[in-house]
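Source file coords07.csv; content: CSV, C-alpha atoms and all ligand atoms.
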```
chain,number,residue,atom,x,y,z
A,1,MET,CA,100.8,105.7,-199.4
A,2,PHE,CA,104.5,106.1,-198.7
A,3,ASN,CA,107.4,104.4,-200.5
A,4,THR,CA,110.8,103.7,-198.9
A,5,THR,CA,113.7,102.0,-200.5
A,6,THR,CA,115.8,99.3,-198.8
A,7,HIS,CA,119.6,99.1,-198.8
A,8,PRO,CA,121.2,97.0,-200.0
A,9,GLN,CA,118.9,96.2,-202.8
A,10,TRP,CA,117.2,92.8,-203.1
A,11,ASN,CA,114.0,91.7,-204.8
A,12,TYR,CA,112.1,88.6,-206.1
A,13,THR,CA,113.4,88.8,-209.7
A,14,ASN,CA,117.0,89.5,-210.8
A,15,LEU,CA,118.2,89.7,-207.1
A,16,GLY,CA,115.8,87.0,-206.0
A,17,PRO,CA,115.8,84.5,-203.0
A,18,ASN,CA,118.6,82.3,-204.5
A,19,LYS,CA,120.9,85.3,-204.6
A,20,TRP,CA,120.0,87.0,-201.2
A,21,ALA,CA,122.8,85.3,-199.3
A,22,THR,CA,125.4,86.6,-201.8
A,23,ILE,CA,124.3,90.3,-201.6
A,24,CYS,CA,126.2,91.3,-198.5
A,25,PRO,CA,127.8,89.7,-195.4
A,26,ARG,CA,124.8,90.5,-193.2
A,27,PHE,CA,122.5,88.6,-195.4
A,28,SER,CA,125.0,85.8,-195.7
A,29,VAL,CA,125.3,85.4,-191.9
A,30,ALA,CA,121.5,85.4,-191.5
A,31,ASP,CA,121.2,82.7,-194.2
A,32,ASN,CA,123.6,80.5,-192.2
A,33,TYR,CA,120.9,80.2,-189.5
A,34,GLN,CA,119.9,76.5,-189.8
A,35,TYR,CA,116.1,76.7,-189.4
A,36,GLN,CA,114.9,78.9,-192.3
A,37,SER,CA,111.3,79.9,-193.2
A,38,PRO,CA,108.8,79.4,-194.8
A,39,ILE,CA,108.1,75.7,-194.6
A,40,ASN,CA,105.3,73.3,-195.6
A,41,ILE,CA,103.0,72.5,-192.6
A,42,PRO,CA,102.0,68.8,-192.9
A,43,LEU,CA,98.7,69.5,-191.2
A,44,ASP,CA,97.0,66.1,-191.8
A,45,SER,CA,99.7,64.1,-190.1
A,46,LEU,CA,100.1,66.7,-187.2
A,47,ALA,CA,96.4,66.6,-186.6
A,48,ASN,CA,96.4,62.8,-186.6
A,49,GLN,CA,99.3,62.6,-184.1
A,50,HIS,CA,97.5,65.2,-182.0
A,51,GLN,CA,94.3,63.1,-181.8
A,52,SER,CA,96.2,59.9,-180.8
A,53,MET,CA,98.1,61.7,-178.0
A,54,PRO,CA,96.8,61.9,-174.5
A,55,ALA,CA,95.4,65.3,-173.4
A,56,ILE,CA,98.3,67.6,-172.6
A,57,THR,CA,98.4,71.2,-171.4
A,58,GLY,CA,98.6,73.2,-174.6
A,59,SER,CA,100.5,76.3,-175.4
A,60,SER,CA,98.4,79.4,-175.0
A,61,ILE,CA,98.0,82.5,-177.2
A,62,GLU,CA,96.0,85.5,-176.3
A,63,THR,CA,95.6,88.6,-178.6
A,64,ASN,CA,95.1,92.0,-177.2
A,65,TYR,CA,94.4,94.1,-180.3
A,66,PHE,CA,92.1,97.1,-180.5
A,67,GLN,CA,91.1,99.7,-183.0
A,68,ASP,CA,94.2,101.6,-183.9
A,69,ILE,CA,95.4,103.9,-186.6
A,70,PHE,CA,97.6,102.2,-189.1
A,71,LYS,CA,99.9,103.9,-191.7
A,72,PRO,CA,100.2,102.1,-195.0
A,73,VAL,CA,103.8,102.0,-196.3
A,74,ILE,CA,105.4,100.2,-199.2
A,75,PHE,CA,108.8,98.7,-198.5
A,76,ASN,CA,110.6,95.4,-198.8
A,77,HIS,CA,108.3,94.7,-201.8
A,78,SER,CA,105.2,94.5,-199.8
A,79,LEU,CA,102.4,96.6,-198.3
A,80,HIS,CA,103.1,97.2,-194.6
A,81,LEU,CA,100.5,98.5,-192.1
A,82,LEU,CA,102.3,100.2,-189.3
A,83,PRO,CA,100.3,100.6,-186.0
A,84,THR,CA,100.7,104.0,-184.4
A,85,SER,CA,99.9,103.3,-180.8
A,86,HIS,CA,102.5,100.6,-180.2
A,87,LYS,CA,100.3,99.3,-177.4
A,88,GLN,CA,98.7,96.3,-179.1
A,89,THR,CA,100.1,93.0,-177.8
A,90,ILE,CA,99.9,89.3,-177.8
A,91,THR,CA,100.8,87.0,-174.9
A,92,PHE,CA,102.3,83.6,-176.0
A,93,ASN,CA,103.5,81.2,-173.4
A,94,GLN,CA,103.3,83.9,-170.7
A,95,ILE,CA,105.5,86.3,-172.7
A,96,THR,CA,104.1,89.6,-174.0
A,97,TYR,CA,105.0,90.8,-177.5
A,98,ARG,CA,104.1,94.2,-179.0
A,99,LEU,CA,102.5,94.4,-182.5
A,100,ASP,CA,105.2,96.2,-184.7
A,101,ASP,CA,104.1,95.6,-188.3
A,102,ILE,CA,101.5,93.9,-190.5
A,103,HIS,CA,102.5,93.0,-194.0
A,104,ILE,CA,101.3,90.7,-196.8
A,105,HIS,CA,102.8,88.1,-199.1
A,106,ARG,CA,101.2,87.0,-202.4
A,107,PRO,CA,100.8,84.1,-202.8
A,108,SER,CA,101.3,82.5,-199.4
A,109,GLU,CA,104.8,81.6,-198.2
A,110,HIS,CA,104.0,78.7,-195.9
A,111,THR,CA,101.8,75.9,-197.3
A,112,LEU,CA,99.3,73.7,-195.6
A,113,ASP,CA,99.7,70.1,-196.8
A,114,LYS,CA,101.5,71.7,-199.8
A,115,GLN,CA,98.5,73.9,-200.5
A,116,THR,CA,99.3,77.5,-201.4
A,117,PHE,CA,96.8,80.3,-200.6
A,118,PRO,CA,96.4,83.5,-202.6
A,119,LEU,CA,97.7,85.7,-199.7
A,120,GLU,CA,99.5,85.3,-196.3
A,121,ILE,CA,99.3,88.0,-193.8
A,122,HIS,CA,102.2,88.3,-191.3
A,123,LEU,CA,101.6,90.1,-187.9
A,124,VAL,CA,105.0,90.8,-186.6
A,125,HIS,CA,105.4,91.2,-182.8
A,126,ARG,CA,108.5,91.8,-180.7
A,127,ASN,CA,109.2,91.7,-177.0
A,128,ASP,CA,111.4,94.0,-174.9
A,129,PHE,CA,114.4,91.8,-175.8
A,130,GLY,CA,113.8,92.1,-179.6
A,131,GLN,CA,112.6,88.5,-179.9
A,132,ALA,CA,110.0,88.2,-182.6
A,133,THR,CA,106.7,86.2,-182.8
A,134,VAL,CA,105.0,86.2,-186.2
A,135,ILE,CA,101.4,85.2,-186.6
A,136,ALA,CA,100.7,83.9,-190.2
A,137,ILE,CA,97.2,84.1,-191.6
A,138,PHE,CA,96.2,82.4,-194.8
A,139,VAL,CA,93.7,84.3,-196.9
A,140,GLN,CA,91.1,83.2,-199.5
A,141,PRO,CA,89.0,85.6,-201.6
A,142,ASN,CA,85.3,85.8,-201.0
A,143,GLN,CA,82.8,88.2,-202.5
A,144,ASP,CA,81.4,88.7,-199.0
A,145,GLY,CA,84.7,88.5,-197.3
A,146,PHE,CA,86.0,91.1,-194.8
A,147,LEU,CA,87.2,94.5,-196.3
A,148,PRO,CA,90.1,95.5,-194.1
A,149,PHE,CA,90.3,99.1,-195.4
A,150,SER,CA,89.4,100.9,-198.6
A,151,ASN,CA,91.8,103.8,-199.0
A,152,LEU,CA,95.5,103.0,-199.3
A,153,SER,CA,96.6,106.6,-199.7
A,154,GLN,CA,96.1,107.6,-196.0
A,155,ALA,CA,96.2,106.3,-192.5
A,156,PHE,CA,93.1,104.3,-191.5
A,157,LYS,CA,91.5,102.7,-188.4
A,158,LEU,CA,91.6,99.0,-188.1
A,159,ASP,CA,91.1,96.5,-185.3
A,160,ALA,CA,93.6,93.7,-186.2
A,161,THR,CA,91.3,91.2,-184.3
A,162,LEU,CA,89.1,91.4,-187.5
A,163,LEU,CA,92.0,89.9,-189.6
A,164,LEU,CA,92.0,86.8,-187.5
A,165,PRO,CA,90.1,83.7,-188.6
A,166,PRO,CA,88.3,81.7,-185.9
A,167,LEU,CA,91.3,80.6,-183.8
A,168,ALA,CA,90.7,76.8,-183.7
A,169,HIS,CA,94.2,75.4,-184.1
A,170,TYR,CA,97.7,76.6,-184.9
A,171,VAL,CA,101.1,75.2,-185.5
A,172,ASN,CA,104.1,76.7,-183.6
A,173,TYR,CA,107.6,76.3,-184.9
A,174,ILE,CA,111.0,78.0,-184.8
A,175,GLY,CA,112.2,79.5,-188.1
A,176,SER,CA,113.6,82.7,-189.6
A,177,LEU,CA,112.5,85.9,-191.2
A,178,THR,CA,111.4,85.3,-194.8
A,179,THR,CA,112.9,88.5,-196.2
A,180,PRO,CA,116.6,89.5,-196.0
A,181,PRO,CA,118.3,89.3,-193.6
A,182,THR,CA,116.6,85.9,-193.1
A,183,LYS,CA,117.8,85.7,-189.5
A,184,GLY,CA,116.5,83.5,-186.8
A,185,PRO,CA,115.3,82.3,-184.4
A,186,ILE,CA,111.8,83.6,-185.1
A,187,ASN,CA,108.8,82.1,-183.2
A,188,TRP,CA,106.1,81.3,-185.8
A,189,ILE,CA,102.5,80.8,-185.2
A,190,ILE,CA,100.7,79.5,-188.3
A,191,LEU,CA,96.9,79.6,-188.0
A,192,THR,CA,95.4,76.6,-189.7
A,193,THR,CA,92.0,78.1,-190.6
A,194,HIS,CA,92.1,80.6,-193.3
A,195,LYS,CA,90.5,84.1,-193.3
A,196,SER,CA,88.1,85.2,-196.1
A,197,LEU,CA,88.9,88.7,-197.4
A,198,SER,CA,86.9,90.7,-200.0
A,199,THR,CA,87.6,89.6,-203.6
A,200,PRO,CA,87.8,93.2,-204.9
A,201,TRP,CA,90.2,94.1,-202.0
A,202,LEU,CA,92.5,91.2,-203.0
A,203,SER,CA,92.5,92.6,-206.6
A,204,ALA,CA,93.3,96.1,-205.4
A,205,PHE,CA,96.1,94.6,-203.3
A,206,LYS,CA,97.6,92.8,-206.3
A,207,ALA,CA,97.6,96.1,-208.2
A,208,ILE,CA,99.8,97.8,-205.6
A,209,VAL,CA,102.1,94.7,-205.1
A,210,PRO,CA,102.2,93.6,-208.7
A,211,ILE,CA,105.1,91.1,-208.4
A,212,PRO,CA,104.8,87.9,-206.3
A,213,ASN,CA,106.8,88.4,-203.0
A,214,THR,CA,107.1,84.9,-201.8
A,215,ARG,CA,110.3,83.1,-200.6
A,216,PRO,CA,110.4,79.5,-201.7
A,217,LEU,CA,109.8,76.7,-199.2
A,218,GLN,CA,112.8,75.8,-197.0
A,219,PRO,CA,113.8,72.4,-195.7
A,220,THR,CA,112.1,71.5,-192.4
A,221,LEU,CA,115.3,69.5,-191.2
A,222,GLY,CA,113.4,67.6,-188.6
A,223,ARG,CA,112.6,70.6,-186.4
A,224,PRO,CA,109.6,70.2,-184.0
A,225,LEU,CA,106.3,71.4,-185.4
A,226,ASN,CA,103.9,71.7,-182.4
A,227,TYR,CA,100.2,71.5,-183.2
A,228,TYR,CA,97.7,73.1,-180.7
A,301,ZN,ZN,106.5,88.3,-194.0
```
Translate this file's structure into structure tokens.
Amino acid sequence: MFNTTTHPQWNYTNLGPNKWATICPRFSVADNYQYQSPINIPLDSLANQHQSMPAITGSSIETNYFQDIFKPVIFNHSLHLLPTSHKQTITFNQITYRLDDIHIHRPSEHTLDKQTFPLEIHLVHRNDFGQATVIAIFVQPNQDGFLPFSNLSQAFKLDATLLLPPLAHYVNYIGSLTTPPTKGPINWIILTTHKSLSTPWLSAFKAIVPIPNTRPLQPTLGRPLNYY
């Protein structure tokens, strides 16, 4: 496992989320973006509205992940899994985004009907113009849950498809990065079914990311939340 430090310094304790915007002009400008993340997803009311609407052509998401070699790196107070092929993609609304980074927050940053999950995985994708789409996956521990990888000291093979829960529904909204600089717009895809990961693996993860790395909920400010 590799460690890198970030400049300027920020964290989740003495230089925590309520101080990020004061750390440097770049962070301050990013914080001025109106639609910040994470937010609460009012799943019950979105699902009810959805059922009462006539059938519409929905947004489409397609993942094109495959078994790749990932390098585990600790930075920005999380474990990041960096793919080495740079050829894994998703297509969302006919736009292709490349998988750049997978990292994990504990506990979850977004909430579903105010429910927090033990972990939230972020799969960060960018297109050729640098625009980002992040898929968020809520995780619950389960003794028989999926074991993503066992050795954090070296590169490992993983098919990111195996991190996805059954893709039943998702919520799409426009927000920001949740770590400094918290700039937007970022296209968020919040999967509404959780994934079960191995309980021992979750414990091992908490040992290497010992301090919670979650930004508090941000105001939704009436922005559209699209349920598919
Ligand atoms: Zn994240």
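Using only C-alpha atoms for every distance, the candidate list A:Ala30, A:Ile190, A:Ala204, A:Leu46 yields A:Ala30 as the residue closest to Leu177 in chain A.
With only C-alpha atoms and all ligand atoms as the basis for measurement, A:Arg215 is the residue among A:Lys19, A:Arg215, A:Arg126, A:His194 that approaches ligand ZN 301 (chain A) most closely.
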Might you pull out every residue within 10 Å of Gln115 in chain A, with all atoms listed in the file counted and same-chain residues fewer than 4 positions away left off, and present them as an mmCIF file with C-alpha atoms, in the frame of the given file?
```
data_model
loop_
_atom_site.group_PDB
_atom_site.id
_atom_site.type_symbol
_atom_site.label_atom_id
_atom_site.label_comp_id
_atom_site.auth_asym_id
_atom_site.auth_seq_id
_atom_site.Cartn_x
_atom_site.Cartn_y
_atom_site.Cartn_z
ATOM 1 C CA ASN A 40 105.300 73.300 -195.600
ATOM 2 C CA ILE A 41 103.000 72.500 -192.600
ATOM 3 C CA PRO A 42 102.000 68.800 -192.900
ATOM 4 C CA SER A 108 101.300 82.500 -199.400
ATOM 5 C CA HIS A 110 104.000 78.700 -195.900
ATOM 6 C CA THR A 111 101.800 75.900 -197.300
#
```
Selection near Ser198 in chain A, 9 Å with all atoms listed in the file, sequence-local residues under 4 positions removed, as a tab-separated table (two decimals) with C-alpha atoms, keeping the file's coordinate frame:
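So result27.tsv came out as:
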```
chain	number	residue	atom	x	y	z
A	140	GLN	CA	91.10	83.20	-199.50
A	141	PRO	CA	89.00	85.60	-201.60
A	142	ASN	CA	85.30	85.80	-201.00
A	143	GLN	CA	82.80	88.20	-202.50
A	144	ASP	CA	81.40	88.70	-199.00
A	145	GLY	CA	84.70	88.50	-197.30
A	146	PHE	CA	86.00	91.10	-194.80
A	147	LEU	CA	87.20	94.50	-196.30
A	148	PRO	CA	90.10	95.50	-194.10
A	202	LEU	CA	92.50	91.20	-203.00
A	203	SER	CA	92.50	92.60	-206.60
```
If you count only C-alpha atoms and all ligand atoms, which residues end up within 8 Å of ligand ZN 301 (chain A), as a PyMOL selection string? chain A and resi 103-105+120-122+124+177-179
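Atom pair CA of Pro185 in chain A / CA of Asn226 in chain A has a distance of 15.7 Å (rounded to one decimal).
Each of A:Asp31, A:Asp159, A:Asp100, A:Glu109 was checked against Gln131 in chain A using only C-alpha atoms; the smallest atom-to-atom distance is that of A:Asp100.
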